[in-house]
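Asker: I have a structure I would like to understand better, so I am pasting it below and will then ask my questions one at a time.
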Amino acid sequence: MLKSINPAGSELLGKSLATGAALIAIVSTITIVIFISIKGLSTFTAYGVSIKEFLFSANWLPDRPPGEGGPQVGVLAFIFGSVIVSMLAVLLSAPLSVTCAVFIVEIAPFWGQRFLQPAIELLAGIPSVVYGYIGLSVLVPFIRDNIGGLGFSVLAGFLVLSVMILPTIVSILTDSLKSLPREYKEAALALGSTRWQAIRLVLIPAARSGLVTGVVLGLARAFGEALAVQMVIGNTRKIPTSILDPVITLTSAITMDMGNTPMGSLWNNTLWSMGLFLLLMSFFFILVVRYGVRKGGISR
Amino acid sequence: MNSRLADRIATFIFWTGALLVITVLGAMIVYILYHGGKYISWDFLTKPPQVVRAGGGIGPQIFNSFYLLFLSMVFTVPVGLLGGVYLAEYARNNKLTEAIRLSIETLNSLPSIVVGLFGLLVFVNMTGWGYTLISGALALAVINLPLMVRISEESIRGVPDSLREASLALGANHWQTIYRVVLPSAFPGLISGAIITSGRVFGEAAALLFTAGMSSPALDFSQWNIFHPASPLNPFRPAETLAVHIWKVNTEGLIPDLRRVADGSAAVLILVVLGFNLAARWLGRKIYRQMTAA
């Protein structure tokens with residue numbers, strides 16, 4: 001049936017190209033998972049480290065000589081750092097984002113949607129290195145001089161992250177509030193509720209799944225961010241006892257040590273295991289968004 | 001508390017929250033542009049950086065960023081576009097399509113440092129290339145593929161069915177219809193999408209540390225043989241981009257005029273990224289207006 005040899009006219013060629021491109025997405029995802037898993041599991045298979053020790057021990061002595069008891073690679077301090085910094089960031093950022101999104105959609109729709117929303121979308125494109133650099137040059141000295149400690153701290157880390165994820169969350173929330181049918185709000189107002197009651201009792205519950213999606217994606221972004229965090233948290237390899245203590249995260253450990261440790265050494269393999277942990281966490285976040293969130297809210 | 005008062009208080013809180021957000025974000029931009037803007041000069045933009053002395057520029061870093069952007073788009077645009085064509089035009093409602101969508105969602109939410117690790121393993125070590133521009137470009141292509149696919153799918157779906165039907169009625173086959181009718185109509189959306197993607201490439205750093213590397217060889221801008229190691233166009237050389245440079249000068253802290261270089265670079269980076277985004281909006285709106293003849 002191929003009447004034409006002109007590539008622009010060949011149905012078979014076109015369809016194959018398009019299918020091939022779509023398959024590249026599947027192939028790259030599977031390749032990433034396989035390669036990171038093989039490398040990441042070698043800490044446990046080749047070096048015999050137990051998964052329990054890796055996840056639940058805070059003893060990080062990857063280069064202790066065998067005479068003194070051998071190396072230990074518990075990464076609890078790193079996991080704790082990642083979790084605490086990103087959770088605090090979301091706790092600060094989520095309420096602010098909801099306020100901001102409701103403001104844009106309901107309180108001041110004219111200049112909210114005309115100026116504020118485009119401005120926030122532009123800000124979502126600002127590179128994370130810039131957020132980290134502002135944290136380093138403004139926030140860290142400010143904390144050091146006015147609050148105490150070295151400045152490089154949990155506090156600086158989560159503040160930088162919360163500002164960084166704000167535009168992302170606000171954009172998602174704004175879209176989900178905007179997509180609600182007008183009748184919801186009109187019905188609430190017609191029943192005599194004030195604007196606040198309509199927002200609190202009708203609009204926010206109806207947009208619930210969008211809210212949760214936004215917050216989870218913000219959390220995922222904060223958890224996976226590397227450089228912005230690494231620049232401001234001080235990177236001390238132990239569990240912090242105060243919000244002004246320095247801390248380390250999985251991502252910042254990978255960033256700092258990957259270049260200085262020989263490929264195949266235990267220390268280096270541990271970094272790959274941390275990478276695998278990050279990969280698994282991002283699967284977890286996707287599952288939450290795909291299957292956890294869609295149950296709630298209105299179904300249309 | 002009466003509900004009218006509660007409404008007033010809530011309105012006040014919404015105003016305060018929104019103002020706080022916009023003030024913090026606005027202050028940040030103004031701070032960077034003000035502090036960095038005063039260091040931007042022709043010299044700063046063109047001279048090579050210094051390792052331990054003051055007075056370095058960011059010329060090679062700016063060049064590397066743009067060149068890396070170009071190289072990664074060479075992979076991202078065709079694959080992303082065709083992927084979008086598949087999802088919008090060919091995909092049936094079956095397991096394969098579901099797998100493609102799940103993969104794209106997964107790729108989209110991977111932390112960029114994980115993609116960087118994958119790049120180090122596959123594009124740097126397994127290929128034996130070492131830290132090169134091409135490894136960095138491939139890692140960036142992995143990061144941007146999902147966005148490009150999604151944007152092309154959306155713009156292709158936005159093309160009215162009447163155009164497709166007219167083309168098919170004239171005897172064109174499906175691919176001819178896509179190639180000659182659908183893609184040209186989806187052009188504005190595709191262009192804006194490509195520009196937005198470019199902005200992301202320009203600011204990415206974590207995925208590049210271990211793929212394109214953290215150093216640049218001395219570049220000879222009169223050497224246009226792309227296989228020469230000092231040629232700026234050689235894709236098989238290491239290259240430090242502007243975003244990586246900001247991170248590196250701060251972590252190493254070797255140069256005495258660190259603040260000048262970092263402030264200036266951050267300002268240039270923000271200007272370029274904002275420029276990309278504004279250009280995408282402006283161009284999208286302009287082409288849209290032309291095509292709808294409004």
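Going by the structure tokens order, chains are called A, B, ..., each with residues numbered from 1, while ligands are numbered from 1 in the order shown.
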If we count only C-alpha atoms, which residues of chain B reach to within 6 Å of chain A? Please list them as a PyMOL selection string.

Answerer: chain B and resi 7+14+17-18+79+82-83+86+100+103+111+114+175-176+203

Asker: Using only C-alpha atoms, which residues sit within 7 Å of segment 209-211 of chain B once same-chain residues fewer than 5 positions away are excluded, as a list in words?

Answerer: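 With the cut-off at 7 Å, the set is Gly116, Gly119, Leu120, Val124, Tyr131, Thr132, Ser135, Gly136 and Val244 of chain B.
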
Asker: Residues of the last selection are to be written out with N, CA and C atoms, as a compact mmCIF listing (two decimals), in the first residue's frame.

Answerer:
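Ended up saving to out01.txt:
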# COMPACT_ATOMS: atom_id res chain seq x y z
N GLY B 116 21.18 12.71 37.38
CA GLY B 116 22.61 12.96 37.28
C GLY B 116 23.41 11.69 37.55
N GLY B 119 23.14 9.44 34.65
CA GLY B 119 24.00 9.96 33.59
C GLY B 119 25.45 9.60 33.83
N LEU B 120 25.89 9.71 35.09
CA LEU B 120 27.28 9.37 35.43
C LEU B 120 27.56 7.92 35.10
N VAL B 124 28.56 8.72 31.14
CA VAL B 124 29.95 9.10 31.43
C VAL B 124 30.85 7.86 31.50
N TYR B 131 33.54 13.16 31.57
CA TYR B 131 32.66 14.33 31.70
C TYR B 131 32.64 15.09 30.38
N THR B 132 31.52 15.06 29.68
CA THR B 132 31.46 15.77 28.40
C THR B 132 30.15 16.51 28.26
N SER B 135 27.33 14.11 27.34
CA SER B 135 26.73 13.38 28.46
C SER B 135 25.75 14.27 29.20
N GLY B 136 26.16 15.53 29.42
CA GLY B 136 25.28 16.48 30.10
C GLY B 136 24.00 16.69 29.30
N VAL B 244 26.08 25.81 37.40
CA VAL B 244 27.08 25.03 38.13
C VAL B 244 28.17 25.95 38.67

Asker: Write down as a PyMOL selection string the residues of segment 60-247 of chain A whose backbone DSSP state falls under helix (DSSP H, G or I).

Answerer: chain A and resi 66-68+76-107+109-124+128-146+154-178+182-190+195-206+208-224+227-232

Asker: Give me, as a VMD selection string, all polymer residues having an atom no more than 9 Å from Val115 of chain B, counting only C-alpha atoms and skipping those fewer than 2 positions away in the same chain.

Answerer: (chain A and resid 32) or (chain B and resid 107 110 to 113 117 to 120 139 to 140 142 to 143 206 to 207)

Asker: Name all residues at most 7 Å from Ile248 of chain A (count only C-alpha atoms; drop same-chain ones fewer than 3 positions away) and give them as a tab-separated table (two decimals) with N, CA and C atoms, in the first residue's frame.

Answerer:
chain	number	residue	atom	x	y	z
A	78	PHE	N	21.28	11.09	57.58
A	78	PHE	CA	21.00	11.70	56.28
A	78	PHE	C	19.50	11.67	55.99
A	81	GLY	N	17.75	14.08	58.19
A	81	GLY	CA	17.95	15.44	57.69
A	81	GLY	C	17.02	15.75	56.52
A	233	ILE	N	22.94	24.26	54.67
A	233	ILE	CA	22.66	23.47	55.86
A	233	ILE	C	23.90	23.06	56.64
A	235	ASN	N	25.99	20.75	56.45
A	235	ASN	CA	26.44	19.39	56.13
A	235	ASN	C	27.27	18.70	57.21
A	236	THR	N	26.78	18.73	58.45
A	236	THR	CA	27.44	17.97	59.51
A	236	THR	C	26.76	16.62	59.63
A	237	ARG	N	27.59	15.55	59.64
A	237	ARG	CA	27.00	14.22	59.53
A	237	ARG	C	26.50	13.68	60.86
A	252	SER	N	22.52	16.14	49.65
A	252	SER	CA	23.75	16.91	49.78
A	252	SER	C	24.95	15.98	50.00
A	253	ALA	N	24.72	14.83	50.65
A	253	ALA	CA	25.81	13.87	50.81
A	253	ALA	C	26.27	13.35	49.45

Asker: Excluding same-chain residues fewer than 5 positions from Ser265 of chain B, what lies within 9 Å of it counting only C-alpha atoms, as a short mmCIF file (atom, residue, chain, number, x, y, z; two decimals) with C-alpha atoms, in the first residue's frame?

Answerer:
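Final output, saved to result38.cif:
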data_model
loop_
_atom_site.label_atom_id
_atom_site.label_comp_id
_atom_site.auth_asym_id
_atom_site.auth_seq_id
_atom_site.Cartn_x
_atom_site.Cartn_y
_atom_site.Cartn_z
CA GLY B 36 24.32 41.48 40.66
CA ILE B 40 27.44 43.05 34.82
CA LEU B 45 30.26 38.66 30.37
CA ILE B 58 31.92 34.19 33.13
CA LEU B 242 26.59 29.16 34.58
CA ALA B 243 24.34 27.51 37.19
CA HIS B 245 29.57 27.90 38.30
CA ILE B 246 27.49 29.73 40.92
CA ARG B 260 31.01 39.85 42.81
CA ILE B 270 17.77 35.13 36.38
#

Asker: If we count only C-alpha atoms, what is near Leu219 of chain B at a cut-off of 10 Å, once residues fewer than 2 positions away on the same chain are taken out, given as a list in words?

Answerer: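 Residues meeting the cut-off are Pro48, Pro60, Ser216, Pro217, Phe221, Ser222, Gln223, Pro229, Ala230, Ser231, Pro232 and Leu233 of chain B.
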
Asker: Could you save those same residues with N, CA and C atoms as an mmCIF file, in the first residue's frame?

Answerer:
data_model
loop_
_atom_site.group_PDB
_atom_site.id
_atom_site.type_symbol
_atom_site.label_atom_id
_atom_site.label_comp_id
_atom_site.auth_asym_id
_atom_site.auth_seq_id
_atom_site.Cartn_x
_atom_site.Cartn_y
_atom_site.Cartn_z
ATOM 1 N N PRO B 48 37.255 35.005 30.635
ATOM 2 C CA PRO B 48 37.261 33.711 31.320
ATOM 3 C C PRO B 48 37.390 33.902 32.838
ATOM 4 N N PRO B 60 33.093 31.826 29.253
ATOM 5 C CA PRO B 60 32.947 30.426 28.835
ATOM 6 C C PRO B 60 31.714 29.770 29.439
ATOM 7 N N SER B 216 36.002 23.655 32.878
ATOM 8 C CA SER B 216 36.070 23.852 31.438
ATOM 9 C C SER B 216 37.534 23.922 31.057
ATOM 10 N N PRO B 217 37.918 23.293 29.949
ATOM 11 C CA PRO B 217 39.288 23.496 29.491
ATOM 12 C C PRO B 217 39.421 24.921 28.967
ATOM 13 N N PHE B 221 38.460 30.473 21.141
ATOM 14 C CA PHE B 221 37.284 30.786 20.337
ATOM 15 C C PHE B 221 37.598 31.011 18.866
ATOM 16 N N SER B 222 38.908 30.882 18.487
ATOM 17 C CA SER B 222 39.204 30.986 17.055
ATOM 18 C C SER B 222 39.345 29.590 16.449
ATOM 19 N N GLN B 223 39.223 28.561 17.318
ATOM 20 C CA GLN B 223 39.378 27.179 16.852
ATOM 21 C C GLN B 223 37.996 26.608 16.514
ATOM 22 N N PRO B 229 40.422 19.625 20.989
ATOM 23 C CA PRO B 229 40.038 19.673 22.408
ATOM 24 C C PRO B 229 39.795 21.086 22.938
ATOM 25 N N ALA B 230 40.406 22.094 22.350
ATOM 26 C CA ALA B 230 40.190 23.452 22.855
ATOM 27 C C ALA B 230 39.071 24.156 22.110
ATOM 28 N N SER B 231 38.457 23.475 21.154
ATOM 29 C CA SER B 231 37.386 24.124 20.411
ATOM 30 C C SER B 231 36.144 24.242 21.284
ATOM 31 N N PRO B 232 35.551 25.436 21.319
ATOM 32 C CA PRO B 232 34.335 25.583 22.132
ATOM 33 C C PRO B 232 33.205 24.685 21.638
ATOM 34 N N LEU B 233 33.234 24.301 20.360
ATOM 35 C CA LEU B 233 32.136 23.517 19.806
ATOM 36 C C LEU B 233 32.304 22.015 19.997
#

Asker: So what do you get for atom CA of Met148 of chain B versus atom CA of Lys178 of chain A, distance-wise?

Answerer: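 That distance, rounded to one decimal, is 24.2 Å.
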
Asker: Report, in Å to a single decimal, how far apart atom CA of Ser198 of chain B and atom CA of Leu183 of chain B are.

Answerer: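 Result for atom CA of Leu183 of chain B versus atom CA of Ser198 of chain B: 20.1 Å, one decimal.
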
Asker: Might you pull out every residue within 8 Å of Val182 of chain B, with only C-alpha atoms counted and same-chain residues fewer than 2 positions away left off, and present them as a PyMOL selection string?

Answerer: chain B and resi 156+159+163-164+177-180+184-186

Asker: Could you check the closest approach to Leu180 of chain A for each of A:Val90, A:Val289, A:Val83, A:Val202 and tell me which residue wins, using only C-alpha atoms?

Answerer: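 Among A:Val90, A:Val289, A:Val83, A:Val202, it is A:Val202 that comes nearest to Leu180 of chain A.
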
Asker: Could you tell me which of A:Phe80, A:Ser42, A:Asp257, A:Gln113 comes closest to Phe56 of chain A if we count only C-alpha atoms?

Answerer: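 Between A:Phe80, A:Ser42, A:Asp257, A:Gln113, the residue approaching Phe56 of chain A most closely is A:Phe80.
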
Asker: From the list B:Ile62, B:Val30, B:Val273, B:Ile104, which residue is nearest Leu147 of chain B when using only C-alpha atoms?

Answerer: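 The closest residue to Leu147 of chain B is B:Ile104.
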
Asker: Measure the distance from atom CA of Val52 of chain B to atom CA of Leu208 of chain B in Å and round it to one decimal.

Answerer: 23.1 Å

Asker: Compare A:Thr270, A:Gly67, A:Thr261, A:Trp111 by their minimum atom-to-atom distance to Leu55 of chain A, counting only C-alpha atoms, and give me the closest one.

Answerer: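 Closest to Leu55 of chain A of all the choices is A:Thr270.
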
Asker: Under the rule that only C-alpha atoms are counted, which of B:Ile13, B:Ala267, B:Ala91, B:Ala54 is the nearest residue to Tyr39 of chain B?

Answerer: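 Once distances to Tyr39 of chain B are computed over only C-alpha atoms, the minimum belongs to B:Ala267.
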